[in-house]
Amino acid sequence: MKFKLTKGELKRQRDALRQYQMYLPTLQLKKQQLQIGIIHQLSLLEEKTQSEITKRRASQVWVGLFTDTEVDLKPMIKPKAIIASVKNIAGVDLSVFERAEFESVEYDLFILPLWVDFAIEELRKLVSLCCEIKVLEKGIEVLRHELRITTQRVNLFEKIKIPEASEAIRAIKIYLGDQMANAVGRSKIAKRKIEMLELTGVAA
């Protein structure tokens, strides 16, 4: 790092160091909050993933019944909208799954078997769960991206900026101190010369 050996540069480096030291704790706190947020989201994702696996296994018992009917379930279980709220974690806006909304479907209850209602309801729950998992995965990805950026900034301040500013201050202070000592030394020599000249003049 290049810097000037001047009083102005000393002030600039001191101001910069104060800013770094003031901002660093905020970055460290943000990093900690992001890490906690990721752990919480991962725990929630694990819970929802296990629920999805359980529901899929349960659906295998009756889902084969659809092969004996001409029912097209896709329009009935396709979400028309995903409703989500927003939660802020360490300055990062995160989508929080609320619910999946489905179109109202009508079908002839006299033609279709009685279990179709139950099947549609259960499949909609499974689809909602899959949508929630996707929202969670996206949120974790966003938090991890922000954590990488924050960690880079913490490392930049801790390992580069603060040490560089501290070293610059030390070097400038040493240089200015040497310059002052040299100036004082030159001043004393000049003063002695003047005194000697004055004494010589008196003696003459």
# chains A, B, ... in the order shown; residues from 1 in each chain; ligands from 1
>>> select_by_dssp(residues="chain A", states="alpha helix (DSSP H)", output="ChimeraX atom specification")
/A:7-63,74-77,115-155,162-203
>>> write_last_selection(atoms="C-alpha atoms", output="CSV table (one decimal), in the first residue's frame")
chain,number,residue,atom,x,y,z
A,7,LYS,CA,0.6,15.1,8.6
A,8,GLY,CA,-2.4,15.3,6.2
A,9,GLU,CA,-1.9,11.6,5.3
A,10,LEU,CA,-1.6,10.7,9.0
A,11,LYS,CA,-5.0,12.3,9.7
A,12,ARG,CA,-6.5,10.6,6.7
A,13,GLN,CA,-5.2,7.2,7.8
A,14,ARG,CA,-6.4,7.8,11.4
A,15,ASP,CA,-9.9,8.7,10.2
A,16,ALA,CA,-10.0,5.7,7.9
A,17,LEU,CA,-8.9,3.4,10.8
A,18,ARG,CA,-11.7,4.8,13.1
A,19,GLN,CA,-14.3,4.1,10.4
A,20,TYR,CA,-13.0,0.6,9.8
A,21,GLN,CA,-13.1,-0.1,13.6
A,22,MET,CA,-16.5,1.4,13.9
A,23,TYR,CA,-18.0,-0.5,11.0
A,24,LEU,CA,-16.4,-3.9,11.7
A,25,PRO,CA,-18.6,-4.8,14.7
A,26,THR,CA,-21.7,-4.2,12.6
A,27,LEU,CA,-20.4,-6.5,9.9
A,28,GLN,CA,-19.5,-9.1,12.4
A,29,LEU,CA,-23.0,-8.9,13.9
A,30,LYS,CA,-24.6,-9.2,10.5
A,31,LYS,CA,-22.4,-12.3,9.7
A,32,GLN,CA,-23.5,-13.9,13.0
A,33,GLN,CA,-27.2,-13.1,12.3
A,34,LEU,CA,-27.0,-14.6,8.8
A,35,GLN,CA,-25.3,-17.7,10.1
A,36,ILE,CA,-28.1,-18.2,12.6
A,37,GLY,CA,-30.7,-17.5,10.0
A,38,ILE,CA,-29.3,-20.1,7.7
A,39,ILE,CA,-29.2,-22.7,10.4
A,40,HIS,CA,-32.9,-22.0,11.2
A,41,GLN,CA,-33.9,-22.2,7.6
A,42,LEU,CA,-32.0,-25.4,7.1
A,43,SER,CA,-33.7,-26.9,10.1
A,44,LEU,CA,-37.1,-25.9,8.7
A,45,LEU,CA,-36.2,-27.3,5.3
A,46,GLU,CA,-35.2,-30.6,6.8
A,47,GLU,CA,-38.5,-30.7,8.6
A,48,LYS,CA,-40.6,-29.9,5.5
A,49,THR,CA,-38.6,-32.3,3.3
A,50,GLN,CA,-39.3,-35.2,5.8
A,51,SER,CA,-43.0,-34.3,5.7
A,52,GLU,CA,-42.9,-34.3,1.9
A,53,ILE,CA,-41.3,-37.8,1.9
A,54,THR,CA,-43.9,-39.1,4.3
A,55,LYS,CA,-46.8,-37.7,2.2
A,56,ARG,CA,-45.4,-39.1,-1.0
A,57,ARG,CA,-45.1,-42.6,0.6
A,58,ALA,CA,-48.6,-42.3,1.9
A,59,SER,CA,-49.9,-41.3,-1.5
A,60,GLN,CA,-48.5,-44.4,-3.2
A,61,VAL,CA,-51.2,-46.4,-1.5
A,62,TRP,CA,-54.0,-44.9,-3.4
A,63,VAL,CA,-52.4,-42.9,-6.3
A,74,LYS,CA,-53.1,-31.8,-13.2
A,75,PRO,CA,-55.5,-28.8,-13.6
A,76,MET,CA,-56.9,-29.6,-10.2
A,77,ILE,CA,-53.6,-29.6,-8.3
A,115,TRP,CA,-62.1,-41.0,-3.0
A,116,VAL,CA,-61.3,-38.4,-5.7
A,117,ASP,CA,-62.1,-35.5,-3.3
A,118,PHE,CA,-59.8,-36.9,-0.7
A,119,ALA,CA,-57.1,-37.5,-3.3
A,120,ILE,CA,-57.3,-34.0,-4.7
A,121,GLU,CA,-57.0,-32.5,-1.1
A,122,GLU,CA,-54.0,-34.7,-0.3
A,123,LEU,CA,-52.2,-34.0,-3.5
A,124,ARG,CA,-52.8,-30.3,-3.1
A,125,LYS,CA,-51.2,-30.5,0.4
A,126,LEU,CA,-48.3,-32.3,-1.2
A,127,VAL,CA,-47.9,-29.7,-4.0
A,128,SER,CA,-48.1,-26.9,-1.3
A,129,LEU,CA,-45.4,-28.6,0.6
A,130,CYS,CA,-43.2,-28.8,-2.5
A,131,CYS,CA,-43.8,-25.1,-3.2
A,132,GLU,CA,-42.8,-24.3,0.4
A,133,ILE,CA,-39.6,-26.3,0.0
A,134,LYS,CA,-38.7,-24.4,-3.1
A,135,VAL,CA,-39.3,-21.0,-1.3
A,136,LEU,CA,-37.1,-22.3,1.6
A,137,GLU,CA,-34.3,-23.4,-0.8
A,138,LYS,CA,-34.4,-20.1,-2.6
A,139,GLY,CA,-34.2,-18.2,0.8
A,140,ILE,CA,-31.2,-20.3,1.9
A,141,GLU,CA,-29.5,-19.5,-1.3
A,142,VAL,CA,-30.1,-15.8,-0.9
A,143,LEU,CA,-28.8,-15.9,2.7
A,144,ARG,CA,-25.7,-17.9,1.8
A,145,HIS,CA,-24.9,-15.4,-1.0
A,146,GLU,CA,-25.2,-12.5,1.5
A,147,LEU,CA,-23.1,-14.4,4.0
A,148,ARG,CA,-20.3,-14.8,1.4
A,149,ILE,CA,-20.3,-11.1,0.7
A,150,THR,CA,-20.4,-10.2,4.4
A,151,THR,CA,-17.7,-12.6,5.3
A,152,GLN,CA,-15.5,-11.1,2.5
A,153,ARG,CA,-16.0,-7.7,3.9
A,154,VAL,CA,-15.2,-8.8,7.5
A,155,ASN,CA,-12.0,-10.4,6.2
A,162,ILE,CA,-7.2,-2.2,9.6
A,163,PRO,CA,-3.7,-3.7,9.5
A,164,GLU,CA,-2.8,-1.5,6.5
A,165,ALA,CA,-4.1,1.7,8.2
A,166,SER,CA,-2.4,0.8,11.5
A,167,GLU,CA,0.9,0.2,9.7
A,168,ALA,CA,0.6,3.4,7.7
A,169,ILE,CA,0.0,5.4,10.9
A,170,ARG,CA,3.0,3.7,12.6
A,171,ALA,CA,5.3,4.4,9.6
A,172,ILE,CA,4.1,8.0,9.2
A,173,LYS,CA,4.5,8.7,13.0
A,174,ILE,CA,8.0,7.3,12.9
A,175,TYR,CA,9.0,9.4,9.9
A,176,LEU,CA,7.5,12.6,11.3
A,177,GLY,CA,9.1,11.9,14.6
A,178,ASP,CA,12.5,11.5,12.9
A,179,GLN,CA,11.9,14.6,10.9
A,180,MET,CA,11.1,16.6,14.1
A,181,ALA,CA,14.2,15.2,15.8
A,182,ASN,CA,16.3,16.1,12.9
A,183,ALA,CA,14.8,19.6,12.8
A,184,VAL,CA,15.5,20.0,16.5
A,185,GLY,CA,19.0,18.8,16.0
A,186,ARG,CA,19.7,21.2,13.1
A,187,SER,CA,18.2,24.0,15.2
A,188,LYS,CA,20.5,23.3,18.1
A,189,ILE,CA,23.5,23.2,15.8
A,190,ALA,CA,22.5,26.5,14.2
A,191,LYS,CA,22.0,28.0,17.6
A,192,ARG,CA,25.5,26.9,18.8
A,193,LYS,CA,27.0,28.4,15.6
A,194,ILE,CA,25.3,31.7,16.2
A,195,GLU,CA,26.5,31.7,19.8
A,196,MET,CA,30.0,30.9,18.7
A,197,LEU,CA,30.0,33.7,16.2
A,198,GLU,CA,28.7,36.1,18.8
A,199,LEU,CA,31.4,35.0,21.2
A,200,THR,CA,34.0,35.3,18.5
A,201,GLY,CA,32.8,38.8,17.6
A,202,VAL,CA,32.9,39.9,21.3
A,203,ALA,CA,36.4,38.5,21.7
>>> residues_around(residues="Phe97 of chain A", least_positions_apart="2", cutoff="7 Å", atoms="only C-alpha atoms", output="list in words")
Ile83, Ala84, Ser85, Ser95, Arg99, Glu132 and Val135 of chain A
>>> select_by_dssp(residues="chain A", states="strand (DSSP E)", output="PyMOL selection string")
chain A and resi 79-89+92-102
>>> atom_distance(atom1="atom CA of Val105 of chain A", atom2="atom CA of Asp72 of chain A")
11.5 Å
>>> atom_distance(atom1="atom CA of Glu98 of chain A", atom2="atom CA of Leu73 of chain A")
23.3 Å
>>> atom_distance(atom1="atom CA of Phe102 of chain A", atom2="atom CA of Lys80 of chain A")
5.2 Å
>>> closest_residue(among="A:Lys161, A:Lys4, A:Ala81, A:Leu156", to="Glu101 of chain A", atoms="only C-alpha atoms")
A:Ala81
>>> decode(residues="segment 146-188 of chain A", atoms="N, CA and C atoms", output="PDB file, in the first residue's frame")
ATOM      1  N   GLU A 146     -25.493 -13.671   0.635  1.00  0.00           N
ATOM      2  CA  GLU A 146     -25.241 -12.482   1.461  1.00  0.00           C
ATOM      3  C   GLU A 146     -24.164 -12.772   2.506  1.00  0.00           C
ATOM      4  N   LEU A 147     -24.151 -13.991   3.031  1.00  0.00           N
ATOM      5  CA  LEU A 147     -23.131 -14.377   4.012  1.00  0.00           C
ATOM      6  C   LEU A 147     -21.746 -14.362   3.378  1.00  0.00           C
ATOM      7  N   ARG A 148     -21.637 -14.843   2.139  1.00  0.00           N
ATOM      8  CA  ARG A 148     -20.335 -14.829   1.448  1.00  0.00           C
ATOM      9  C   ARG A 148     -19.827 -13.395   1.293  1.00  0.00           C
ATOM     10  N   ILE A 149     -20.710 -12.496   0.878  1.00  0.00           N
ATOM     11  CA  ILE A 149     -20.326 -11.094   0.686  1.00  0.00           C
ATOM     12  C   ILE A 149     -19.917 -10.468   2.023  1.00  0.00           C
ATOM     13  N   THR A 150     -20.716 -10.719   3.062  1.00  0.00           N
ATOM     14  CA  THR A 150     -20.435 -10.151   4.386  1.00  0.00           C
ATOM     15  C   THR A 150     -19.130 -10.695   4.948  1.00  0.00           C
ATOM     16  N   THR A 151     -18.898 -11.991   4.770  1.00  0.00           N
ATOM     17  CA  THR A 151     -17.652 -12.610   5.252  1.00  0.00           C
ATOM     18  C   THR A 151     -16.435 -12.012   4.541  1.00  0.00           C
ATOM     19  N   GLN A 152     -16.576 -11.778   3.238  1.00  0.00           N
ATOM     20  CA  GLN A 152     -15.489 -11.142   2.475  1.00  0.00           C
ATOM     21  C   GLN A 152     -15.180  -9.751   3.018  1.00  0.00           C
ATOM     22  N   ARG A 153     -16.234  -9.009   3.363  1.00  0.00           N
ATOM     23  CA  ARG A 153     -16.045  -7.656   3.906  1.00  0.00           C
ATOM     24  C   ARG A 153     -15.401  -7.694   5.288  1.00  0.00           C
ATOM     25  N   VAL A 154     -15.848  -8.644   6.114  1.00  0.00           N
ATOM     26  CA  VAL A 154     -15.244  -8.791   7.454  1.00  0.00           C
ATOM     27  C   VAL A 154     -13.753  -9.100   7.310  1.00  0.00           C
ATOM     28  N   ASN A 155     -13.423 -10.041   6.424  1.00  0.00           N
ATOM     29  CA  ASN A 155     -12.019 -10.404   6.197  1.00  0.00           C
ATOM     30  C   ASN A 155     -11.222  -9.229   5.640  1.00  0.00           C
ATOM     31  N   LEU A 156     -11.854  -8.461   4.742  1.00  0.00           N
ATOM     32  CA  LEU A 156     -11.191  -7.293   4.163  1.00  0.00           C
ATOM     33  C   LEU A 156     -10.818  -6.299   5.254  1.00  0.00           C
ATOM     34  N   PHE A 157     -11.755  -6.037   6.162  1.00  0.00           N
ATOM     35  CA  PHE A 157     -11.499  -5.083   7.246  1.00  0.00           C
ATOM     36  C   PHE A 157     -10.487  -5.647   8.244  1.00  0.00           C
ATOM     37  N   GLU A 158     -10.717  -6.894   8.669  1.00  0.00           N
ATOM     38  CA  GLU A 158      -9.875  -7.491   9.717  1.00  0.00           C
ATOM     39  C   GLU A 158      -8.443  -7.750   9.246  1.00  0.00           C
ATOM     40  N   LYS A 159      -8.312  -8.286   8.021  1.00  0.00           N
ATOM     41  CA  LYS A 159      -7.008  -8.777   7.574  1.00  0.00           C
ATOM     42  C   LYS A 159      -6.253  -7.817   6.663  1.00  0.00           C
ATOM     43  N   ILE A 160      -6.961  -6.820   6.104  1.00  0.00           N
ATOM     44  CA  ILE A 160      -6.284  -5.931   5.158  1.00  0.00           C
ATOM     45  C   ILE A 160      -6.378  -4.469   5.568  1.00  0.00           C
ATOM     46  N   LYS A 161      -7.606  -3.942   5.598  1.00  0.00           N
ATOM     47  CA  LYS A 161      -7.778  -2.502   5.800  1.00  0.00           C
ATOM     48  C   LYS A 161      -7.262  -2.008   7.152  1.00  0.00           C
ATOM     49  N   ILE A 162      -7.675  -2.657   8.233  1.00  0.00           N
ATOM     50  CA  ILE A 162      -7.247  -2.219   9.573  1.00  0.00           C
ATOM     51  C   ILE A 162      -5.743  -2.392   9.756  1.00  0.00           C
ATOM     52  N   PRO A 163      -5.158  -3.560   9.386  1.00  0.00           N
ATOM     53  CA  PRO A 163      -3.699  -3.683   9.505  1.00  0.00           C
ATOM     54  C   PRO A 163      -2.939  -2.681   8.630  1.00  0.00           C
ATOM     55  N   GLU A 164      -3.436  -2.430   7.407  1.00  0.00           N
ATOM     56  CA  GLU A 164      -2.764  -1.472   6.519  1.00  0.00           C
ATOM     57  C   GLU A 164      -2.790  -0.066   7.103  1.00  0.00           C
ATOM     58  N   ALA A 165      -3.957   0.350   7.589  1.00  0.00           N
ATOM     59  CA  ALA A 165      -4.076   1.695   8.168  1.00  0.00           C
ATOM     60  C   ALA A 165      -3.200   1.827   9.420  1.00  0.00           C
ATOM     61  N   SER A 166      -3.193   0.779  10.249  1.00  0.00           N
ATOM     62  CA  SER A 166      -2.373   0.790  11.468  1.00  0.00           C
ATOM     63  C   SER A 166      -0.889   0.891  11.119  1.00  0.00           C
ATOM     64  N   GLU A 167      -0.472   0.130  10.112  1.00  0.00           N
ATOM     65  CA  GLU A 167       0.924   0.158   9.688  1.00  0.00           C
ATOM     66  C   GLU A 167       1.289   1.515   9.093  1.00  0.00           C
ATOM     67  N   ALA A 168       0.381   2.079   8.310  1.00  0.00           N
ATOM     68  CA  ALA A 168       0.631   3.399   7.713  1.00  0.00           C
ATOM     69  C   ALA A 168       0.788   4.452   8.799  1.00  0.00           C
ATOM     70  N   ILE A 169      -0.080   4.427   9.797  1.00  0.00           N
ATOM     71  CA  ILE A 169      -0.007   5.373  10.921  1.00  0.00           C
ATOM     72  C   ILE A 169       1.328   5.225  11.648  1.00  0.00           C
ATOM     73  N   ARG A 170       1.718   3.982  11.902  1.00  0.00           N
ATOM     74  CA  ARG A 170       2.993   3.725  12.601  1.00  0.00           C
ATOM     75  C   ARG A 170       4.175   4.277  11.803  1.00  0.00           C
ATOM     76  N   ALA A 171       4.176   3.989  10.481  1.00  0.00           N
ATOM     77  CA  ALA A 171       5.284   4.417   9.629  1.00  0.00           C
ATOM     78  C   ALA A 171       5.344   5.943   9.517  1.00  0.00           C
ATOM     79  N   ILE A 172       4.181   6.574   9.363  1.00  0.00           N
ATOM     80  CA  ILE A 172       4.144   8.043   9.235  1.00  0.00           C
ATOM     81  C   ILE A 172       4.585   8.704  10.543  1.00  0.00           C
ATOM     82  N   LYS A 173       4.137   8.163  11.667  1.00  0.00           N
ATOM     83  CA  LYS A 173       4.520   8.729  12.977  1.00  0.00           C
ATOM     84  C   LYS A 173       6.027   8.614  13.194  1.00  0.00           C
ATOM     85  N   ILE A 174       6.590   7.477  12.810  1.00  0.00           N
ATOM     86  CA  ILE A 174       8.043   7.305  12.942  1.00  0.00           C
ATOM     87  C   ILE A 174       8.770   8.308  12.057  1.00  0.00           C
ATOM     88  N   TYR A 175       8.314   8.439  10.808  1.00  0.00           N
ATOM     89  CA  TYR A 175       8.958   9.371   9.872  1.00  0.00           C
ATOM     90  C   TYR A 175       8.854  10.808  10.369  1.00  0.00           C
ATOM     91  N   LEU A 176       7.651  11.208  10.773  1.00  0.00           N
ATOM     92  CA  LEU A 176       7.468  12.580  11.261  1.00  0.00           C
ATOM     93  C   LEU A 176       8.259  12.823  12.537  1.00  0.00           C
ATOM     94  N   GLY A 177       8.342  11.792  13.377  1.00  0.00           N
ATOM     95  CA  GLY A 177       9.138  11.909  14.607  1.00  0.00           C
ATOM     96  C   GLY A 177      10.619  12.100  14.287  1.00  0.00           C
ATOM     97  N   ASP A 178      11.099  11.327  13.307  1.00  0.00           N
ATOM     98  CA  ASP A 178      12.500  11.472  12.889  1.00  0.00           C
ATOM     99  C   ASP A 178      12.751  12.850  12.299  1.00  0.00           C
ATOM    100  N   GLN A 179      11.788  13.312  11.482  1.00  0.00           N
ATOM    101  CA  GLN A 179      11.923  14.631  10.879  1.00  0.00           C
ATOM    102  C   GLN A 179      11.971  15.722  11.953  1.00  0.00           C
ATOM    103  N   MET A 180      11.129  15.571  12.972  1.00  0.00           N
ATOM    104  CA  MET A 180      11.104  16.556  14.055  1.00  0.00           C
ATOM    105  C   MET A 180      12.413  16.522  14.837  1.00  0.00           C
ATOM    106  N   ALA A 181      12.896  15.302  15.095  1.00  0.00           N
ATOM    107  CA  ALA A 181      14.157  15.166  15.832  1.00  0.00           C
ATOM    108  C   ALA A 181      15.308  15.775  15.038  1.00  0.00           C
ATOM    109  N   ASN A 182      15.300  15.540  13.733  1.00  0.00           N
ATOM    110  CA  ASN A 182      16.342  16.116  12.874  1.00  0.00           C
ATOM    111  C   ASN A 182      16.253  17.634  12.858  1.00  0.00           C
ATOM    112  N   ALA A 183      15.026  18.138  12.809  1.00  0.00           N
ATOM    113  CA  ALA A 183      14.835  19.599  12.800  1.00  0.00           C
ATOM    114  C   ALA A 183      15.337  20.216  14.101  1.00  0.00           C
ATOM    115  N   VAL A 184      15.032  19.540  15.213  1.00  0.00           N
ATOM    116  CA  VAL A 184      15.507  20.034  16.515  1.00  0.00           C
ATOM    117  C   VAL A 184      17.023  19.993  16.563  1.00  0.00           C
ATOM    118  N   GLY A 185      17.591  18.914  16.035  1.00  0.00           N
ATOM    119  CA  GLY A 185      19.050  18.795  16.013  1.00  0.00           C
ATOM    120  C   GLY A 185      19.686  19.899  15.183  1.00  0.00           C
ATOM    121  N   ARG A 186      19.122  20.151  14.001  1.00  0.00           N
ATOM    122  CA  ARG A 186      19.651  21.214  13.144  1.00  0.00           C
ATOM    123  C   ARG A 186      19.515  22.587  13.810  1.00  0.00           C
ATOM    124  N   SER A 187      18.401  22.752  14.511  1.00  0.00           N
ATOM    125  CA  SER A 187      18.160  24.025  15.203  1.00  0.00           C
ATOM    126  C   SER A 187      19.201  24.249  16.299  1.00  0.00           C
ATOM    127  N   LYS A 188      19.527  23.191  17.024  1.00  0.00           N
ATOM    128  CA  LYS A 188      20.527  23.311  18.100  1.00  0.00           C
ATOM    129  C   LYS A 188      21.910  23.610  17.535  1.00  0.00           C
TER     130      LYS A 188
END
